[in-house]
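Working notes, structure below.
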Amino acid sequence: MSKLLIKHGRVIDPAANFEGTADLLIEGDRIAGYGKNLDVVGAEVFDAAGMIVAPGFIDMHVHLREPGFEHSETIESGSRAAAAGGFTSICCMPNTQPVNDSATVTSYIVERARRNAVVNVYPIGAITKGSAGEELASIGSMKRAGIVAVSDDGRPVMNARVMRRAMEMAHSFGLPVIDHCEDLHLSSGGDIHEGFTSVKLGLRGIPACSEDVMVARDILLAEVTGARFHVAHISSRNSIAMVQHAKAMGLPVTSEVCPHHFALSDEDIIPYDSNFKMKPPLRGRADVRAAVDGIVSGAIDAIATDHAPHPGSEKMQEFERCPFGILGLETAIALSLETFVEGGRIPLAKLVELFTVAPARILHLERGTLAAGRPADVTIFDTASAWKYDVNKSHSKSRNTPFHGREFRGGPMATIVNGRFVWRRDKE
C-alpha cells in the first residue's frame with residue numbers, strides 16, 4: 001500500500017475543530033491520521049512548511065457542459081481546472097444537452113467522470129423535465145443513479161405549485177433543492193444590475209428584487225414542505241437578510257455566494273466587456289458589503305464558484321448578445337483569501353469550513369474532513385506566495401474571466417484526490 005506523508009504543514013480540520021502544526025499521513029486512498037513529528041518508513045514525503053493542509057475543498061456549483069456543449073468544457077477539462085483551483089470535489093449542474101433529468105443522463109455523467117475526471121464529480125439532477133418548469137423529472141431514479149441534489153439552475157421554476165411538489169418529492173428522497181432564484185418576468189431583457197451603472201452604460205437592468213421575490217417564495221415553500229432549500233449564488237442584500245431570518249426561525253435554509261459577488265461590484269465593470277456579464281449580475285456596493293457580512297455572520301453557509309465556461313466565439317460578442325457566465329474554479333481560493341483573511345474579517349479556519357465541511361453537510365457528502373478512515377482528499381494552499389492569473393494557461397477549455405492578469409497573494413499549492421496528487425503548482 002502506497003503511503004504519503006505531508007510534513008510540517010499547518011493542519012486545519014474544522015470538522016474536528018483542530019488547527020495546529022502537524023504531519024498528515026495518507027495510506028492508500030484513506031486518511032491514516034495526523035500528529036506531531038510522524039516518521040513513516042517507505043512513505044513519499046511532501047514538505048508543506050509554510051502551507052495550510054486542509055480537507056479537500058468542495059465546489060457545489062459548477063457547469064461542466066458535458067454532454068452536449070463539449071466545445072465549452074468537458075468533464076475532463078473542468079475537473080483539471082478544479083484541481084488547479086484546489087478543489088477535490090465538484091458538483092455539476094444539469095443544464096447540459098440533453099438535460100440531466102433522467103437516470104440515463106446521470107449514469108452517463110457518473111461513468112464519464114469515473115473514466116476521465118481527476119477529481120470527484122457529483123451530478124445534480126434537474127427539478128423538471130428538460131428544465132422546462134412544468135413536469136417533475138425522475139428524481140427518485142436519478143437519486144439511485146447518483147445525484148446529490150436537484151436544481152433547474154439557470155432556468156428557475158416559475159410555477160410555485162410545481163416548486164412545492166418538487167420540494168415535497170425531494171424531501172421524501174432526502175435531497176436538497178437548489179434554486180437559481182430569479183423572477184424571469186422582472187429580469188427579462190436585462191444585462192447588468194439595475195442601477196446607476198446600467199443607466200450610465202445604457203444597458204438594460206436586472207433589478208435585485210427579481211432575486212428577492214423568489215427567495216421569499218422558496219423560503220415560504222420550504223416552511224410548508226419541510227424541504228431543505230439552498231439558495232444558489234445569492235447576491236442581494238435583501239435576499240441575504242431573508243435567509244438569515246429563515247435560519248433564525250429554524251428553517252432548513254442554506255445559501256452560497258460566489259467569489260465574484262463579494263470581490264466585484266457593478267462599478268468595477270469595464271464598459272461593455274462581456275467578461276463581466278454573469279447572472280446574477282455584479283450588484284451594487286451595498287449588496288457586496290452584505291455578501292461579506294453574510295459570510296461573517298453565518299447567514300451564508302458556503303462559497304461556490306458557479307464556474308460557467310463559454311468559448312470566445314460565443315462570449316466575445318456585443319454585451320447584449322453574449323451569454324451570461326464566467327470561469328471561477330482557478331481564482332476562488334485567492335479571491336476568498338484576499339477578501340476575508342487578509343482583511344481580518346474571518347479566521348482562516350472559518351474560510352476552510354466554507355469550502356469543506358459546510359458544503360459536505362448541505363449535500364450529505366462523506367467528505368470535507370481529515371478524520372482517519374475518510375477518503376484522502378486534501379487541499380494544500382498558502383497565504384503568502386505572489387502570483388498572477390493568466391487565463392491563457394487555464395486548464396479550462398474556455399477563457400471567459402474578468403480576473404485575467406490580476407495579481408494575487410496566496411492560493412492553491414497542491415491537490416490530492418483519493419491519496420494521489422492530481423495537481424501541484426511546482427509541477428506547472
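Identifiers for the C-alpha cells are assigned positionally: chains receive A, B, ... in sequence, residues are indexed from 1 per chain, and ligands are indexed from 1 in the order shown.
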
### Message
I need the alpha helix (DSSP H) residues of stretch 78-235 of chain A per DSSP on the backbone, written as JSON, numbers by chain.
### Response
{"A": [78, 79, 80, 81, 82, 83, 84, 103, 104, 105, 106, 107, 108, 109, 110, 111, 112, 113, 114, 115, 116, 139, 140, 141, 142, 143, 144, 145, 160, 161, 162, 163, 164, 165, 166, 167, 168, 169, 170, 171, 172, 184, 185, 186, 187, 196, 197, 198, 199, 200, 201, 209, 210, 211, 212, 213, 214, 215, 216, 217, 218, 219, 220, 221, 222, 223, 224, 225]}

How close does stretch 143-208 of chain A get to stretch 360-379 of chain A? List, as a Markdown table, each residue of stretch 143-208 of chain A within 12 Å, its nearest atom pair and the distance in Å to one decimal, counting only C-alpha atoms.
```
| residue | atom | partner | partner_atom | distance |
| --- | --- | --- | --- | --- |
| A:Gly146 | CA | A:Leu365 | CA | 11.7 |
| A:Ile147 | CA | A:Leu363 | CA | 9.9 |
| A:Val148 | CA | A:Leu363 | CA | 6.1 |
| A:Ala149 | CA | A:Leu363 | CA | 6.9 |
| A:Val150 | CA | A:Leu363 | CA | 10.5 |
| A:Gly174 | CA | A:His364 | CA | 9.1 |
| A:Leu175 | CA | A:Leu363 | CA | 7.6 |
| A:Pro176 | CA | A:Leu363 | CA | 7.0 |
| A:Val177 | CA | A:Leu363 | CA | 10.0 |
| A:Ile178 | CA | A:Leu363 | CA | 10.2 |
```

### Task
With a distance cut-off of 7 Å and only C-alpha atoms, select the neighbouring residues of A:Pro309, excluding the residue or stretch itself and same-chain residues fewer than 5 positions from it, and output the selection as JSON, numbers by chain.
{"A": [72, 73, 325, 326, 327, 398, 400]}

Take the residues that were just selected and, keeping N, CA, C and O atoms, output them as a JSON list (two decimals), in the first residue's frame.
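Written out: result.json:
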```json
[["chain", "number", "residue", "atom", "x", "y", "z"],
["A", 72, "SER", "N", -17.33, 24.04, -25.04],
["A", 72, "SER", "CA", -17.11, 24.98, -23.94],
["A", 72, "SER", "C", -16.26, 24.38, -22.83],
["A", 72, "SER", "O", -15.37, 25.04, -22.28],
["A", 73, "GLU", "N", -16.57, 23.14, -22.47],
["A", 73, "GLU", "CA", -15.90, 22.44, -21.38],
["A", 73, "GLU", "C", -16.26, 20.96, -21.47],
["A", 73, "GLU", "O", -17.28, 20.60, -22.07],
["A", 325, "GLY", "N", -22.11, 34.37, -17.68],
["A", 325, "GLY", "CA", -21.27, 33.37, -17.02],
["A", 325, "GLY", "C", -19.78, 33.62, -17.17],
["A", 325, "GLY", "O", -19.31, 34.15, -18.19],
["A", 326, "ILE", "N", -19.02, 33.24, -16.13],
["A", 326, "ILE", "CA", -17.56, 33.39, -16.13],
["A", 326, "ILE", "C", -16.92, 32.15, -15.52],
["A", 326, "ILE", "O", -17.57, 31.36, -14.83],
["A", 327, "LEU", "N", -15.63, 31.98, -15.77],
["A", 327, "LEU", "CA", -14.86, 30.93, -15.10],
["A", 327, "LEU", "C", -14.71, 31.28, -13.63],
["A", 327, "LEU", "O", -14.73, 32.45, -13.26],
["A", 398, "SER", "N", -12.28, 27.11, -21.89],
["A", 398, "SER", "CA", -12.75, 28.46, -22.18],
["A", 398, "SER", "C", -11.87, 29.50, -21.47],
["A", 398, "SER", "O", -11.02, 29.16, -20.64],
["A", 400, "ASN", "N", -13.25, 32.87, -20.46],
["A", 400, "ASN", "CA", -14.10, 33.99, -20.06],
["A", 400, "ASN", "C", -13.97, 34.31, -18.57],
["A", 400, "ASN", "O", -14.58, 33.69, -17.73]]
```

#### Entry: Residue set, stretch 89-227 of chain A restricted to strand (DSSP E or B), as a count of residues only
19

### Message
I'd like the contact shell of A:Gly20 - 7 Å cut-off, only C-alpha atoms, skipping same-chain residues fewer than 2 positions apart - returned as an NGL selection string.
### Response
:A and (10-12 or 18 or 22)

#### Entry: Who sits within 10 Å of A:Phe421, only C-alpha atoms, same chain under 3 positions skipped, as a ChimeraX atom specification
/A:4,83,118,377-379,414-418,424

Can you spit out the residues from that selection as an mmCIF file, in the first residue's frame, using all heavy atoms?
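The resulting file, selection-v4.cif, is reproduced below:
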```
data_model
loop_
_atom_site.group_PDB
_atom_site.id
_atom_site.type_symbol
_atom_site.label_atom_id
_atom_site.label_comp_id
_atom_site.auth_asym_id
_atom_site.auth_seq_id
_atom_site.Cartn_x
_atom_site.Cartn_y
_atom_site.Cartn_z
ATOM 1 N N LEU A 4 1.785 8.342 1.789
ATOM 2 C CA LEU A 4 2.162 9.722 1.543
ATOM 3 C C LEU A 4 2.164 10.461 2.866
ATOM 4 O O LEU A 4 1.156 10.459 3.584
ATOM 5 C CB LEU A 4 1.192 10.390 0.562
ATOM 6 C CG LEU A 4 1.361 11.898 0.329
ATOM 7 C CD1 LEU A 4 2.730 12.210 -0.269
ATOM 8 C CD2 LEU A 4 0.252 12.421 -0.570
ATOM 9 N N ALA A 83 -8.939 20.921 -10.099
ATOM 10 C CA ALA A 83 -7.737 20.502 -9.382
ATOM 11 C C ALA A 83 -6.739 21.647 -9.276
ATOM 12 O O ALA A 83 -6.128 21.860 -8.221
ATOM 13 C CB ALA A 83 -7.104 19.305 -10.090
ATOM 14 N N VAL A 118 -10.259 13.973 -12.888
ATOM 15 C CA VAL A 118 -9.175 13.811 -11.921
ATOM 16 C C VAL A 118 -9.624 14.180 -10.516
ATOM 17 O O VAL A 118 -8.869 14.014 -9.557
ATOM 18 C CB VAL A 118 -7.938 14.647 -12.325
ATOM 19 C CG1 VAL A 118 -7.395 14.197 -13.672
ATOM 20 C CG2 VAL A 118 -8.249 16.137 -12.336
ATOM 21 N N ASP A 377 -8.744 13.063 0.491
ATOM 22 C CA ASP A 377 -8.837 14.275 -0.318
ATOM 23 C C ASP A 377 -8.258 15.426 0.493
ATOM 24 O O ASP A 377 -8.748 15.717 1.595
ATOM 25 C CB ASP A 377 -10.295 14.588 -0.669
ATOM 26 C CG ASP A 377 -10.914 13.562 -1.593
ATOM 27 O OD1 ASP A 377 -10.176 12.699 -2.114
ATOM 28 O OD2 ASP A 377 -12.138 13.614 -1.806
ATOM 29 N N VAL A 378 -7.254 16.083 -0.058
ATOM 30 C CA VAL A 378 -6.537 17.120 0.684
ATOM 31 C C VAL A 378 -6.260 18.312 -0.226
ATOM 32 O O VAL A 378 -5.840 18.140 -1.375
ATOM 33 C CB VAL A 378 -5.198 16.585 1.248
ATOM 34 C CG1 VAL A 378 -4.474 17.665 2.050
ATOM 35 C CG2 VAL A 378 -5.430 15.345 2.100
ATOM 36 N N THR A 379 -6.516 19.495 0.282
ATOM 37 C CA THR A 379 -6.156 20.734 -0.406
ATOM 38 C C THR A 379 -5.036 21.407 0.373
ATOM 39 O O THR A 379 -5.165 21.637 1.577
ATOM 40 C CB THR A 379 -7.368 21.682 -0.503
ATOM 41 O OG1 THR A 379 -8.372 21.083 -1.321
ATOM 42 C CG2 THR A 379 -6.958 23.025 -1.100
ATOM 43 N N ALA A 414 -1.182 22.476 -3.931
ATOM 44 C CA ALA A 414 -1.256 21.070 -4.354
ATOM 45 C C ALA A 414 -2.646 20.542 -4.043
ATOM 46 O O ALA A 414 -3.302 20.991 -3.095
ATOM 47 C CB ALA A 414 -0.198 20.221 -3.656
ATOM 48 N N THR A 415 -3.083 19.595 -4.858
ATOM 49 C CA THR A 415 -4.401 18.990 -4.703
ATOM 50 C C THR A 415 -4.260 17.477 -4.727
ATOM 51 O O THR A 415 -3.664 16.925 -5.663
ATOM 52 C CB THR A 415 -5.349 19.448 -5.834
ATOM 53 O OG1 THR A 415 -5.330 20.879 -5.920
ATOM 54 C CG2 THR A 415 -6.759 18.970 -5.575
ATOM 55 N N ILE A 416 -4.797 16.828 -3.713
ATOM 56 C CA ILE A 416 -4.697 15.371 -3.577
ATOM 57 C C ILE A 416 -6.105 14.788 -3.563
ATOM 58 O O ILE A 416 -6.954 15.217 -2.785
ATOM 59 C CB ILE A 416 -3.959 14.992 -2.279
ATOM 60 C CG1 ILE A 416 -2.532 15.548 -2.297
ATOM 61 C CG2 ILE A 416 -3.963 13.479 -2.067
ATOM 62 C CD1 ILE A 416 -1.830 15.450 -0.952
ATOM 63 N N VAL A 417 -6.353 13.825 -4.440
ATOM 64 C CA VAL A 417 -7.652 13.172 -4.515
ATOM 65 C C VAL A 417 -7.457 11.670 -4.346
ATOM 66 O O VAL A 417 -6.680 11.046 -5.083
ATOM 67 C CB VAL A 417 -8.356 13.460 -5.857
ATOM 68 C CG1 VAL A 417 -9.681 12.706 -5.953
ATOM 69 C CG2 VAL A 417 -8.591 14.960 -6.022
ATOM 70 N N ASN A 418 -8.149 11.118 -3.356
ATOM 71 C CA ASN A 418 -8.046 9.686 -3.074
ATOM 72 C C ASN A 418 -6.591 9.233 -2.944
ATOM 73 O O ASN A 418 -6.194 8.171 -3.444
ATOM 74 C CB ASN A 418 -8.763 8.877 -4.154
ATOM 75 C CG ASN A 418 -10.265 9.117 -4.135
ATOM 76 O OD1 ASN A 418 -10.884 9.174 -3.069
ATOM 77 N ND2 ASN A 418 -10.861 9.270 -5.311
ATOM 78 N N ARG A 424 -0.025 20.009 -8.837
ATOM 79 C CA ARG A 424 0.965 20.655 -7.969
ATOM 80 C C ARG A 424 1.445 21.918 -8.654
ATOM 81 O O ARG A 424 1.807 21.873 -9.848
ATOM 82 C CB ARG A 424 2.148 19.731 -7.689
ATOM 83 C CG ARG A 424 1.820 18.582 -6.756
ATOM 84 C CD ARG A 424 2.973 17.610 -6.595
ATOM 85 N NE ARG A 424 4.160 18.220 -6.034
ATOM 86 C CZ ARG A 424 5.189 17.518 -5.541
ATOM 87 N NH1 ARG A 424 5.142 16.183 -5.528
ATOM 88 N NH2 ARG A 424 6.254 18.138 -5.073
#
```

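Separating atom CA of A:Gly284 from atom CA of A:Arg406 is a distance of 21.4 Å.
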
### Task
Write out as number ranges by chain which residues come within 6 Å of A:Asp306 when counting only C-alpha atoms, dropping same-chain ones fewer than 2 positions away.
A: 61-62, 308

Using N, CA and C atoms, can you export the residues from the last selection as an mmCIF file, in the first residue's frame?
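That gives us out.cif:
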```cif
data_model
loop_
_atom_site.group_PDB
_atom_site.id
_atom_site.type_symbol
_atom_site.label_atom_id
_atom_site.label_comp_id
_atom_site.auth_asym_id
_atom_site.auth_seq_id
_atom_site.Cartn_x
_atom_site.Cartn_y
_atom_site.Cartn_z
ATOM 1 N N HIS A 61 -21.158 24.054 -7.029
ATOM 2 C CA HIS A 61 -21.880 24.707 -8.125
ATOM 3 C C HIS A 61 -20.942 24.964 -9.298
ATOM 4 N N VAL A 62 -20.872 24.013 -10.223
ATOM 5 C CA VAL A 62 -20.086 24.202 -11.442
ATOM 6 C C VAL A 62 -20.899 23.744 -12.643
ATOM 7 N N ALA A 308 -18.737 28.829 -15.099
ATOM 8 C CA ALA A 308 -19.610 28.773 -16.274
ATOM 9 C C ALA A 308 -18.814 29.102 -17.534
#
```

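With only C-alpha atoms taken into account, the protein and nucleic acid residues at most 12 Å from A:Met249 (excluding it and anything under 6 positions from it in its own chain) are Ile219, Leu220, Ala222, Glu223, Met242 and Val243 of chain A.
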
Set out as JSON lines a contact list for stretch 302-322 of chain A and stretch 199-218 of chain A with a cut-off of 12 Å, giving each residue of stretch 302-322 of chain A that qualifies its closest atom pair and distance in Å to one decimal, counting only C-alpha atoms, ordered by chain and rising residue number.
```
{"residue": "A:Glu318", "atom": "CA", "partner": "A:Leu203", "partner_atom": "CA", "distance": 11.2}
{"residue": "A:Phe319", "atom": "CA", "partner": "A:Leu203", "partner_atom": "CA", "distance": 8.6}
{"residue": "A:Glu320", "atom": "CA", "partner": "A:Leu203", "partner_atom": "CA", "distance": 7.7}
{"residue": "A:Arg321", "atom": "CA", "partner": "A:Leu203", "partner_atom": "CA", "distance": 11.5}
```

Just the selected residues (N, CA and C atoms), exported as a PDB file, in the first residue's frame, please.
```
ATOM      1  N   GLU A 318     -21.292  41.370 -28.796  1.00  0.00           N
ATOM      2  CA  GLU A 318     -21.833  42.544 -28.143  1.00  0.00           C
ATOM      3  C   GLU A 318     -22.380  42.161 -26.776  1.00  0.00           C
ATOM      4  N   PHE A 319     -22.251  43.071 -25.816  1.00  0.00           N
ATOM      5  CA  PHE A 319     -22.639  42.774 -24.443  1.00  0.00           C
ATOM      6  C   PHE A 319     -24.074  42.265 -24.361  1.00  0.00           C
ATOM      7  N   GLU A 320     -24.965  42.865 -25.156  1.00  0.00           N
ATOM      8  CA  GLU A 320     -26.372  42.493 -25.092  1.00  0.00           C
ATOM      9  C   GLU A 320     -26.629  41.092 -25.657  1.00  0.00           C
ATOM     10  N   ARG A 321     -25.726  40.580 -26.473  1.00  0.00           N
ATOM     11  CA  ARG A 321     -25.959  39.303 -27.158  1.00  0.00           C
ATOM     12  C   ARG A 321     -25.220  38.133 -26.530  1.00  0.00           C
TER      13      ARG A 321
END
```

### Query
atom CA of A:Gly405 and atom CA of A:His261 are how many Å apart?
18.8 Å

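Between atom CA of A:His233 and atom CA of A:Pro280 the interatomic distance comes to 7.3 Å.
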
### Message
Under the rule that only C-alpha atoms are counted, which of A:Ser198, A:Thr104, A:Ser187, A:Thr128 is the nearest residue to A:Met167?
### Response
A:Thr128
